[in-house]
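Novice: Data file coords-v6.cif (mmCIF, C-alpha atoms) is appended below.
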```cif
data_target
#
loop_
_atom_site.label_atom_id
_atom_site.label_comp_id
_atom_site.auth_asym_id
_atom_site.auth_seq_id
_atom_site.Cartn_x
_atom_site.Cartn_y
_atom_site.Cartn_z
CA MET L 1 7.89 -104.73 152.29
CA LYS L 2 5.10 -102.18 152.15
CA ASP L 3 4.22 -100.27 148.97
CA GLU L 4 5.53 -97.01 150.41
CA GLU L 5 8.86 -98.57 151.34
CA LEU L 6 9.21 -100.01 147.84
CA ARG L 7 8.43 -96.60 146.38
CA ARG L 8 10.97 -94.79 148.56
CA ALA L 9 13.75 -97.23 147.74
CA TYR L 10 12.95 -97.26 144.02
CA GLN L 11 12.94 -93.48 143.84
CA ALA L 12 16.27 -93.33 145.69
CA ARG L 13 18.03 -95.71 143.28
CA SER L 14 21.04 -94.47 141.35
CA PRO L 15 19.70 -93.94 137.86
CA ARG L 16 21.48 -95.71 135.06
CA PRO L 17 21.63 -94.34 131.54
CA ALA L 18 18.97 -96.11 129.54
CA ALA L 19 20.13 -98.55 126.88
CA SER L 20 17.43 -97.48 124.45
CA PRO L 21 15.53 -94.44 125.68
CA PRO L 22 12.32 -93.71 123.79
CA THR L 23 12.39 -91.01 121.14
CA PRO L 24 10.35 -87.83 121.75
CA GLU L 25 7.87 -89.05 119.13
CA GLU L 26 7.46 -92.37 120.96
CA LEU L 27 6.84 -90.46 124.19
CA ALA L 28 4.14 -88.40 122.45
CA ARG L 29 2.49 -91.58 121.13
CA LEU L 30 2.51 -93.09 124.61
CA ALA L 31 1.09 -89.93 126.17
CA SER L 32 -1.74 -89.79 123.66
CA GLY L 33 -2.60 -93.48 124.15
CA GLN L 34 -1.60 -94.71 120.70
CA GLY L 35 -0.36 -98.22 119.93
CA SER L 36 -1.40 -101.68 121.01
CA ASP L 37 -1.44 -102.87 124.62
CA GLU L 38 1.89 -104.64 124.15
CA GLU L 39 3.54 -101.69 122.43
CA ARG L 40 2.42 -99.30 125.16
CA ALA L 41 3.56 -101.65 127.93
CA GLU L 42 7.01 -102.06 126.35
CA LEU L 43 7.34 -98.33 125.72
CA LEU L 44 6.15 -97.46 129.21
CA ASP L 45 8.82 -99.75 130.67
CA ARG L 46 11.60 -98.09 128.62
CA THR L 47 10.28 -94.67 129.53
CA MET L 48 9.94 -95.18 133.25
CA ALA L 49 13.30 -96.98 133.48
CA ASP L 50 15.06 -93.81 132.39
CA PRO L 51 14.47 -90.85 134.79
CA ALA L 52 15.19 -88.26 132.09
CA SER L 53 12.66 -89.85 129.74
CA ALA L 54 10.18 -90.19 132.62
CA ARG L 55 10.47 -86.45 133.22
CA ASP L 56 9.96 -85.70 129.52
CA PHE L 57 7.01 -88.07 129.46
CA GLU L 58 5.43 -86.35 132.46
CA LEU L 59 5.28 -83.06 130.57
CA LEU L 60 3.57 -84.66 127.56
CA ARG L 61 1.31 -86.84 129.73
CA ALA L 62 0.09 -83.86 131.77
CA ILE L 63 -0.81 -81.94 128.59
CA ALA L 64 -2.54 -84.94 127.00
CA ALA L 65 -4.41 -85.85 130.20
CA THR L 66 -5.68 -82.27 130.59
CA ASP L 67 -6.79 -82.17 126.97
CA ARG L 68 -8.64 -85.49 127.38
CA SER L 69 -10.34 -84.40 130.60
CA GLU L 70 -11.61 -81.23 128.91
CA ALA L 71 -12.78 -83.06 125.81
CA ARG L 72 -15.12 -85.40 127.65
CA PRO L 73 -18.20 -84.25 129.53
CA VAL L 74 -17.15 -83.34 133.03
CA ALA L 75 -19.06 -84.98 135.83
CA ARG L 76 -19.99 -82.49 138.50
CA ARG L 77 -17.56 -82.75 141.32
CA TRP L 78 -19.75 -80.68 143.53
CA ARG L 79 -23.45 -80.84 144.08
CA VAL L 80 -25.86 -78.76 146.08
CA PRO L 81 -28.60 -80.55 147.94
CA VAL L 82 -31.49 -81.07 145.54
CA THR L 83 -33.90 -78.93 147.55
CA LEU L 84 -31.44 -76.01 147.65
CA ALA L 85 -30.76 -76.25 143.93
CA ALA L 86 -34.49 -76.36 143.21
CA SER L 87 -35.06 -73.31 145.44
CA LEU L 88 -32.32 -71.36 143.67
CA LEU L 89 -33.73 -72.21 140.24
CA LEU L 90 -37.23 -71.22 141.36
CA ALA L 91 -35.98 -67.96 142.85
CA ALA L 92 -34.09 -67.12 139.67
CA GLY L 93 -37.15 -67.88 137.55
CA VAL L 94 -39.41 -65.69 139.69
CA TYR L 95 -36.83 -62.89 139.64
CA ALA L 96 -36.56 -63.06 135.86
CA LEU L 97 -40.33 -62.69 135.54
CA LEU L 98 -40.92 -59.99 138.14
CA ARG L 99 -37.84 -57.78 138.00
CA PRO L 100 -38.33 -54.14 136.96
CA LYS L 101 -37.71 -53.48 133.29
CA GLY L 102 -35.10 -50.80 133.92
CA PRO L 103 -31.68 -50.42 132.39
CA ASP L 104 -29.76 -53.61 131.80
CA ASP L 105 -27.91 -54.55 134.97
CA THR L 106 -25.27 -56.46 133.07
CA VAL L 107 -21.84 -54.94 133.36
CA ARG L 108 -20.74 -55.40 129.82
CA GLY L 109 -17.08 -55.36 129.08
CA GLN L 110 -15.03 -55.73 125.94
CA VAL L 111 -16.07 -59.29 125.34
CA ALA L 112 -16.03 -60.94 121.99
CA ASN L 113 -19.35 -61.32 120.25
CA GLY L 114 -21.03 -64.50 121.33
CA SER L 115 -19.42 -64.79 124.75
CA PRO L 116 -21.65 -65.30 127.79
CA ALA L 117 -22.49 -61.99 129.49
CA GLN L 118 -22.26 -62.31 133.23
CA VAL L 119 -25.28 -61.04 135.17
CA ALA L 120 -24.52 -61.64 138.83
CA PRO L 121 -22.61 -61.19 141.05
CA LEU L 122 -21.68 -57.75 139.75
CA GLU L 123 -18.09 -56.70 139.01
CA ALA L 124 -16.03 -56.53 142.25
CA ALA L 125 -19.01 -57.61 144.35
CA SER L 126 -18.32 -58.65 147.92
CA HIS L 127 -19.87 -61.87 149.14
CA PRO L 128 -19.58 -63.80 152.42
CA GLN L 129 -17.99 -67.23 152.10
CA GLY L 130 -20.47 -70.02 151.45
CA ILE L 131 -22.77 -70.78 148.56
CA ILE L 132 -22.78 -68.17 145.82
CA THR L 133 -25.16 -68.14 142.90
CA PHE L 134 -23.70 -67.09 139.56
CA THR L 135 -25.88 -66.18 136.61
CA TRP L 136 -25.20 -65.22 133.01
CA ARG L 137 -27.00 -64.77 129.74
CA PRO L 138 -27.22 -67.66 127.28
CA ILE L 139 -25.38 -67.56 123.97
CA PRO L 140 -26.53 -69.13 120.73
CA ARG L 141 -25.33 -72.67 120.01
CA ALA L 142 -23.90 -73.27 123.51
CA THR L 143 -24.50 -76.84 124.59
CA ALA L 144 -23.24 -76.20 128.12
CA TYR L 145 -21.36 -73.71 130.21
CA ARG L 146 -18.34 -74.12 132.45
CA LEU L 147 -18.13 -71.80 135.43
CA GLU L 148 -14.58 -71.29 136.63
CA LEU L 149 -13.44 -69.58 139.77
CA LEU L 150 -9.82 -68.42 139.60
CA THR L 151 -7.56 -67.02 142.25
CA ASP L 152 -5.94 -63.65 141.66
CA ALA L 153 -2.82 -65.49 140.55
CA GLY L 154 -4.84 -67.26 137.85
CA ALA L 155 -4.99 -70.67 139.56
CA LEU L 156 -8.20 -72.60 139.11
CA ALA L 157 -9.91 -72.72 142.52
CA SER L 158 -13.08 -74.47 141.45
CA SER L 159 -15.08 -75.27 138.35
CA LEU L 160 -18.35 -76.88 137.43
CA GLN L 161 -20.26 -77.53 134.25
CA THR L 162 -23.93 -76.96 133.64
CA SER L 163 -26.38 -76.69 130.77
CA ASP L 164 -28.19 -73.93 132.68
CA THR L 165 -27.37 -70.23 132.91
CA LEU L 166 -27.28 -70.34 136.67
CA ALA L 167 -25.01 -72.26 138.99
CA ALA L 168 -24.41 -72.36 142.71
CA MET L 169 -20.87 -72.86 143.88
CA GLU L 170 -19.58 -73.18 147.41
CA VAL L 171 -16.58 -70.98 148.14
CA LEU L 172 -15.02 -71.74 151.50
CA ALA L 173 -11.84 -69.68 151.47
CA GLY L 174 -12.00 -65.92 151.73
CA GLY L 175 -10.02 -63.75 149.32
CA SER L 176 -10.12 -62.09 145.97
CA TYR L 177 -11.16 -64.19 142.97
CA ARG L 178 -12.13 -63.82 139.34
CA TRP L 179 -14.91 -65.79 137.73
CA VAL L 180 -15.28 -66.76 134.11
CA VAL L 181 -18.11 -68.45 132.23
CA VAL L 182 -17.03 -70.49 129.23
CA GLY L 183 -19.71 -71.25 126.66
CA LEU L 184 -19.12 -74.72 125.25
CA LEU L 185 -20.02 -74.80 121.58
CA PRO L 186 -20.35 -77.71 119.16
CA ASP L 187 -17.12 -78.95 117.55
CA GLY L 188 -15.19 -78.28 120.74
CA LEU L 189 -15.24 -74.50 120.36
CA GLU L 190 -15.28 -72.45 123.53
CA ALA L 191 -16.43 -68.89 124.15
CA PRO L 192 -15.07 -67.56 127.44
CA SER L 193 -16.44 -64.42 129.08
CA ARG L 194 -14.12 -61.77 130.44
CA PRO L 195 -13.07 -62.46 134.02
CA ARG L 196 -15.14 -60.65 136.62
CA ARG L 197 -13.76 -59.94 140.09
CA ILE L 198 -15.45 -61.12 143.28
CA LEU L 199 -14.34 -60.64 146.86
CA ILE L 200 -15.15 -63.42 149.30
CA THR L 201 -15.22 -62.29 152.90
CA PRO L 202 -14.94 -64.61 155.91
CA LYS L 203 -18.18 -65.08 157.84
CA MET O 1 -9.62 -51.26 125.22
CA SER O 2 -8.55 -51.72 121.59
CA PRO O 3 -9.57 -54.90 119.71
CA MET O 4 -5.93 -55.97 119.82
CA ASP O 5 -5.79 -55.52 123.61
CA ALA O 6 -9.07 -57.41 124.00
CA ALA O 7 -7.78 -60.29 121.86
CA SER O 8 -4.53 -60.33 123.80
CA ALA O 9 -6.42 -60.43 127.13
CA ALA O 10 -8.68 -63.22 125.86
CA LEU O 11 -5.66 -65.25 124.77
CA ASP O 12 -3.93 -64.65 128.11
CA VAL O 13 -6.97 -65.91 130.04
CA LEU O 14 -7.26 -68.99 127.83
CA ILE O 15 -3.56 -69.85 128.10
CA ALA O 16 -3.40 -69.17 131.86
CA ARG O 17 -6.39 -71.49 132.34
CA CYS O 18 -4.85 -74.29 130.25
CA ALA O 19 -1.44 -73.93 131.92
CA GLU O 20 -2.96 -74.06 135.39
CA LYS O 21 -4.86 -77.23 134.56
CA VAL O 22 -1.69 -78.90 133.28
CA ARG O 23 0.11 -77.87 136.48
CA MET O 24 -2.71 -79.34 138.56
CA VAL O 25 -2.59 -82.64 136.68
CA SER O 26 1.12 -83.07 137.27
CA ARG O 27 1.28 -81.51 140.73
CA SER O 28 2.20 -84.73 142.53
CA HIS O 29 4.94 -85.68 140.07
CA ARG O 30 8.32 -84.47 138.96
CA LEU O 31 7.26 -81.80 136.57
CA ASP O 32 8.78 -78.43 137.37
CA PRO O 33 6.04 -75.75 137.21
CA SER O 34 8.51 -73.42 135.47
CA GLU O 35 8.68 -75.98 132.66
CA VAL O 36 4.93 -75.63 132.15
CA ASP O 37 5.31 -71.84 132.14
CA GLU O 38 8.08 -72.09 129.54
CA VAL O 39 5.87 -74.24 127.30
CA PHE O 40 2.82 -72.02 127.56
CA GLN O 41 4.77 -68.81 126.97
CA GLU O 42 5.93 -70.31 123.69
CA VAL O 43 2.35 -71.49 122.99
CA ARG O 44 1.19 -67.89 123.30
CA VAL O 45 3.79 -66.69 120.81
CA ARG O 46 2.96 -69.45 118.33
CA ILE O 47 -0.79 -68.87 118.48
CA TRP O 48 -0.37 -65.11 118.20
CA THR O 49 1.90 -65.60 115.17
CA ALA O 50 -0.36 -68.16 113.53
CA ILE O 51 -3.73 -66.51 114.17
CA GLY O 52 -3.01 -62.91 115.07
CA PRO O 53 -5.32 -60.57 116.92
CA GLY O 54 -8.99 -60.94 116.18
CA GLU O 55 -12.26 -62.43 117.18
CA THR O 56 -11.02 -65.95 116.40
CA ILE O 57 -8.88 -65.96 119.51
CA ALA O 58 -11.90 -65.48 121.78
CA THR O 59 -13.50 -68.69 120.49
CA LEU O 60 -10.32 -70.70 120.16
CA PRO O 61 -10.94 -74.25 121.40
CA SER O 62 -8.74 -75.33 124.28
CA SER O 63 -7.92 -78.48 122.28
CA TYR O 64 -6.03 -76.23 119.83
CA VAL O 65 -4.00 -74.82 122.74
CA TYR O 66 -3.16 -78.32 123.97
CA ARG O 67 -2.15 -79.48 120.48
CA THR O 68 0.16 -76.49 120.21
CA ALA O 69 1.47 -77.20 123.73
CA THR O 70 2.31 -80.78 122.74
CA SER O 71 4.25 -79.56 119.73
CA VAL O 72 6.12 -76.98 121.85
CA ALA O 73 6.85 -79.60 124.52
CA LEU O 74 8.30 -81.96 121.89
CA ASP O 75 10.63 -79.21 120.67
CA LEU O 76 11.66 -78.52 124.27
CA ILE O 77 12.40 -82.24 124.83
CA ARG O 78 14.46 -82.42 121.62
CA ARG O 79 16.48 -79.37 122.66
CA ARG O 80 16.98 -80.82 126.14
CA ARG O 81 18.23 -84.12 124.71
CA THR O 82 20.69 -82.43 122.41
CA LYS O 83 22.02 -80.45 125.39
CA ARG O 84 22.11 -83.57 127.57
CA GLU O 85 24.12 -85.50 125.00
CA ALA O 86 26.64 -82.66 124.85
CA MET O 87 27.17 -82.71 128.62
CA SER O 88 29.94 -84.81 130.12
CA ASP O 89 27.94 -85.35 133.32
CA PRO O 90 24.52 -86.45 132.13
CA ILE O 91 21.68 -84.63 133.85
CA HIS O 92 19.92 -87.88 134.73
CA LEU O 93 22.82 -88.86 136.98
CA VAL O 94 22.44 -85.78 139.13
CA ARG O 95 20.46 -86.57 142.27
CA ASP O 96 17.46 -84.64 143.41
CA PRO O 97 18.49 -82.03 146.05
CA ALA O 98 15.69 -83.41 148.26
CA ASP O 99 17.83 -86.53 148.68
CA LEU O 100 20.33 -84.53 150.66
CA GLU O 101 17.77 -84.11 153.43
CA THR O 102 17.93 -87.83 154.14
CA GLY O 103 20.82 -89.03 156.29
CA ALA O 104 23.81 -90.24 154.28
CA GLU O 105 23.74 -93.78 155.69
CA GLU O 106 20.04 -94.22 155.16
CA ARG O 107 20.41 -92.75 151.68
CA ILE O 108 23.04 -95.30 150.74
CA GLU O 109 20.91 -98.16 152.11
CA LEU O 110 17.90 -96.90 150.19
CA GLN O 111 19.96 -96.56 147.00
CA GLU O 112 21.21 -100.15 147.37
CA LEU O 113 17.70 -101.40 147.95
CA GLY O 114 16.54 -99.35 144.97
CA GLY O 115 19.24 -101.02 142.88
CA LEU O 116 17.98 -104.45 143.94
CA ILE O 117 14.43 -103.45 143.02
CA GLU O 118 15.70 -102.31 139.61
CA GLU O 119 17.37 -105.70 139.06
CA ALA O 120 14.29 -107.57 140.30
CA LEU O 121 12.08 -105.66 137.88
CA ALA O 122 14.04 -107.18 134.99
CA GLU O 123 12.59 -110.59 135.94
CA LEU O 124 8.98 -109.41 135.64
CA PRO O 125 7.01 -110.00 132.44
CA ALA O 126 7.49 -107.00 130.14
CA SER O 127 3.75 -106.26 130.17
CA ARG O 128 3.81 -105.66 133.95
CA ARG O 129 7.09 -103.80 134.32
CA GLY O 130 5.95 -100.41 133.00
CA PRO O 131 2.85 -100.08 135.20
CA VAL O 132 4.82 -101.29 138.25
CA ARG O 133 7.56 -98.74 137.53
CA MET O 134 4.92 -96.02 137.21
CA PHE O 135 3.40 -97.04 140.53
CA LEU O 136 6.82 -97.09 142.22
CA ASP O 137 7.49 -93.64 140.78
CA GLY O 138 4.46 -92.33 142.68
CA TYR O 139 1.65 -92.44 140.13
CA ASP O 140 -1.75 -93.59 141.31
CA LYS O 141 -3.87 -96.33 139.75
CA GLU O 142 -6.11 -93.90 137.84
CA GLU O 143 -3.11 -92.31 136.11
CA ILE O 144 -1.67 -95.71 135.18
CA ALA O 145 -5.07 -96.78 133.86
CA ALA O 146 -5.28 -93.64 131.71
CA VAL O 147 -1.81 -94.15 130.21
CA GLN O 148 -2.35 -97.84 129.52
CA GLY O 149 -5.94 -97.43 128.39
CA TRP O 150 -7.02 -100.00 130.95
CA THR O 151 -10.10 -100.11 133.14
CA GLU O 152 -9.65 -99.48 136.86
CA PRO O 153 -10.26 -103.17 137.84
CA LYS O 154 -7.77 -104.38 135.20
CA THR O 155 -5.16 -101.90 136.41
CA ARG O 156 -5.72 -102.84 140.04
CA ASN O 157 -5.46 -106.55 139.21
CA LEU O 158 -2.32 -106.30 137.05
CA LEU O 159 -0.64 -103.95 139.47
CA TYR O 160 -1.43 -106.21 142.40
CA ARG O 161 0.02 -109.17 140.49
CA GLY O 162 3.04 -107.17 139.32
CA LEU O 163 3.87 -106.01 142.84
CA GLY O 164 3.35 -109.57 144.09
CA ASP O 165 5.82 -110.86 141.48
CA LEU O 166 8.29 -108.14 142.46
CA ARG O 167 8.09 -109.05 146.17
CA GLU O 168 8.56 -112.71 145.27
CA VAL O 169 11.72 -111.97 143.27
CA LEU O 170 13.03 -109.73 146.05
CA THR O 171 12.38 -112.43 148.67
CA ARG O 172 14.32 -114.94 146.52
CA ARG O 173 17.18 -112.41 146.47
CA GLY O 174 17.14 -112.08 150.24
CA VAL O 175 15.08 -108.92 150.55
CA GLY O 176 12.17 -109.51 152.90
CA PRO O 177 9.72 -107.32 154.81
CA GLU O 178 12.57 -106.08 157.01
CA GLY O 179 14.75 -105.06 154.08
CA VAL O 180 18.00 -106.77 152.99
CA ARG O 181 18.83 -109.85 155.06
#
```
Can the structure from this file be put into structure tokens for me?

Specialist:
Amino acid sequence: MKDEELRRAYQARSPRPAASPPTPEELARLASGQGSDEERAELLDRTMADPASARDFELLRAIAATDRSEARPVARRWRVPVTLAASLLLAAGVYALLRPKGPDDTVRGQVANGSPAQVAPLEAASHPQGIITFTWRPIPRATAYRLELLTDAGALASSLQTSDTLAAMEVLAGGSYRWVVVGLLPDGLEAPSRPRRILITPK
Amino acid sequence: MSPMDAASAALDVLIARCAEKVRMVSRSHRLDPSEVDEVFQEVRVRIWTAIGPGETIATLPSSYVYRTATSVALDLIRRRRTKREAMSDPIHLVRDPADLETGAEERIELQELGGLIEEALAELPASRRGPVRMFLDGYDKEEIAAVQGWTEPKTRNLLYRGLGDLREVLTRRGVGPEGVR
């Protein structure tokens, strides 16, 4: 019997009330990875045998897994070709040196002190789908920055982490988005910028 | 925008971001997105009550939000259990409405086969039952590895052996590749 057939049949079984369902505290310990190998295996069996406990566990597991994934350095899921990235960095460097010393082009909002100030794209800028370069000003003590692109509904569309103040992100779907830069500070502190709107237009 | 409005907006962005990530992590499983919303609405209230408006909220670590979310989720689970115990028809005996889409005959056959799998699982070593159950419930190897604290090769190996044991027990009980004989 194939894996998928086993899964279908198992998920269709008539659930039986568990003889000894895990307590909420046990579920929390399991979700956060506490206990020995044997303890976790035994607890996992009791949890997954009882559909109600499995559902409770899923809530705690999802929270713990998200917390863990944010706590460790995030590997870049998306990379630009090296030559393109180098060109963008060079262009940004040249621009920073040669740009006219006029009024600050940063659209500053009501951000908390110490949050990254977004430089470009400007608020409500329109951009054709494809690679977009985002830039912001550094903040003291930040060890890295996380650039997040959110849909209008607040769903995370894409994110990447960098130690630079410039990042290129490929946006393939047209629509209205918001982008946020989160300064990652020592001790796990985070300093998010205010969301800035961007409109992605189909090519 | 007043400082209180700014703090409120900053907290909303932080909580919306955390909630969306939790929803993404559990997207392929049984978690109802409204459950995540319920948890994070309560998280907002608790953080606002504990910290109040101010600059602190803008630099609040997401780990603090997740810790609060865990505490809120535990309270939700406790309340749910109390309610479940008070019900004459336990909630875990109510079938998923999606089951109704399957034909009645096929559904009964699947349920019977599922019952045999449940019995066969009891013959597996305790250390392999949990991960096999997780796999059968639709979790992938990476998620099982994360819960068990195992490496990917160890998970793959133990899962492979666990599923092998399960098939062996099922074959002994007359369930082969074609189903029940």

Novice: Run through the PyMOL selection byres ((chain L) within 6 of (chain O)) on the given coordinates and return the selected residues as a PyMOL selection string.

Specialist: chain L and resi 1+7+9-10+12-13+41+44-45+52+62-63+66+155+188-191

Novice: Using the selection just defined, write its residues with C-alpha atoms as a compact mmCIF listing (two decimals), keeping the file's coordinate frame.

Specialist:
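Contents of selection-v2.txt, freshly written:
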```txt
# COMPACT_ATOMS: atom_id res chain seq x y z
CA MET L 1 7.89 -104.73 152.29
CA ARG L 7 8.43 -96.60 146.38
CA ALA L 9 13.75 -97.23 147.74
CA TYR L 10 12.95 -97.26 144.02
CA ALA L 12 16.27 -93.33 145.69
CA ARG L 13 18.03 -95.71 143.28
CA ALA L 41 3.56 -101.65 127.93
CA LEU L 44 6.15 -97.46 129.21
CA ASP L 45 8.82 -99.75 130.67
CA ALA L 52 15.19 -88.26 132.09
CA ALA L 62 0.09 -83.86 131.77
CA ILE L 63 -0.81 -81.94 128.59
CA THR L 66 -5.68 -82.27 130.59
CA ALA L 155 -4.99 -70.67 139.56
CA GLY L 188 -15.19 -78.28 120.74
CA LEU L 189 -15.24 -74.50 120.36
CA GLU L 190 -15.28 -72.45 123.53
CA ALA L 191 -16.43 -68.89 124.15
```

Novice: In Å, how far is it from atom CA of Arg68 of chain L to atom CA of Pro140 of chain L?

Specialist: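 Going from atom CA of Arg68 of chain L over to atom CA of Pro140 of chain L, I get 25.1 Å.
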
Novice: Have a look at atom CA of Tyr177 of chain L and atom CA of Pro128 of chain L and let me know their distance in Å, one decimal.

Specialist: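 Computing the Euclidean distance for atom CA of Tyr177 of chain L and atom CA of Pro128 of chain L yields 12.7 Å.
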
Novice: For a test of reading the model, state the distance in Å between atom CA of Phe40 of chain O and atom CA of Ser115 of chain L, rounded to one decimal.

Specialist: 23.6 Å

Novice: Do you know which residues the PyMOL selection byres ((chain L and resi 124) around 7) returns on this file, as a PDB file with C-alpha atoms, in the coordinates of the input?

Specialist:
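For reference, part_20.pdb as written:
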```pdb
ATOM      1  CA  LEU L 122     -21.680 -57.750 139.750  1.00  0.00           C
ATOM      2  CA  GLU L 123     -18.090 -56.700 139.010  1.00  0.00           C
ATOM      3  CA  ALA L 125     -19.010 -57.610 144.350  1.00  0.00           C
ATOM      4  CA  SER L 126     -18.320 -58.650 147.920  1.00  0.00           C
ATOM      5  CA  ARG L 197     -13.760 -59.940 140.090  1.00  0.00           C
ATOM      6  CA  ILE L 198     -15.450 -61.120 143.280  1.00  0.00           C
ATOM      7  CA  LEU L 199     -14.340 -60.640 146.860  1.00  0.00           C
TER       8      LEU L 199
END
```

Novice: Given the file above and the PyMOL selection byres ((chain L and resi 133) around 7), which residues are selected, and can you give them as a count of residues only?

Specialist: 8
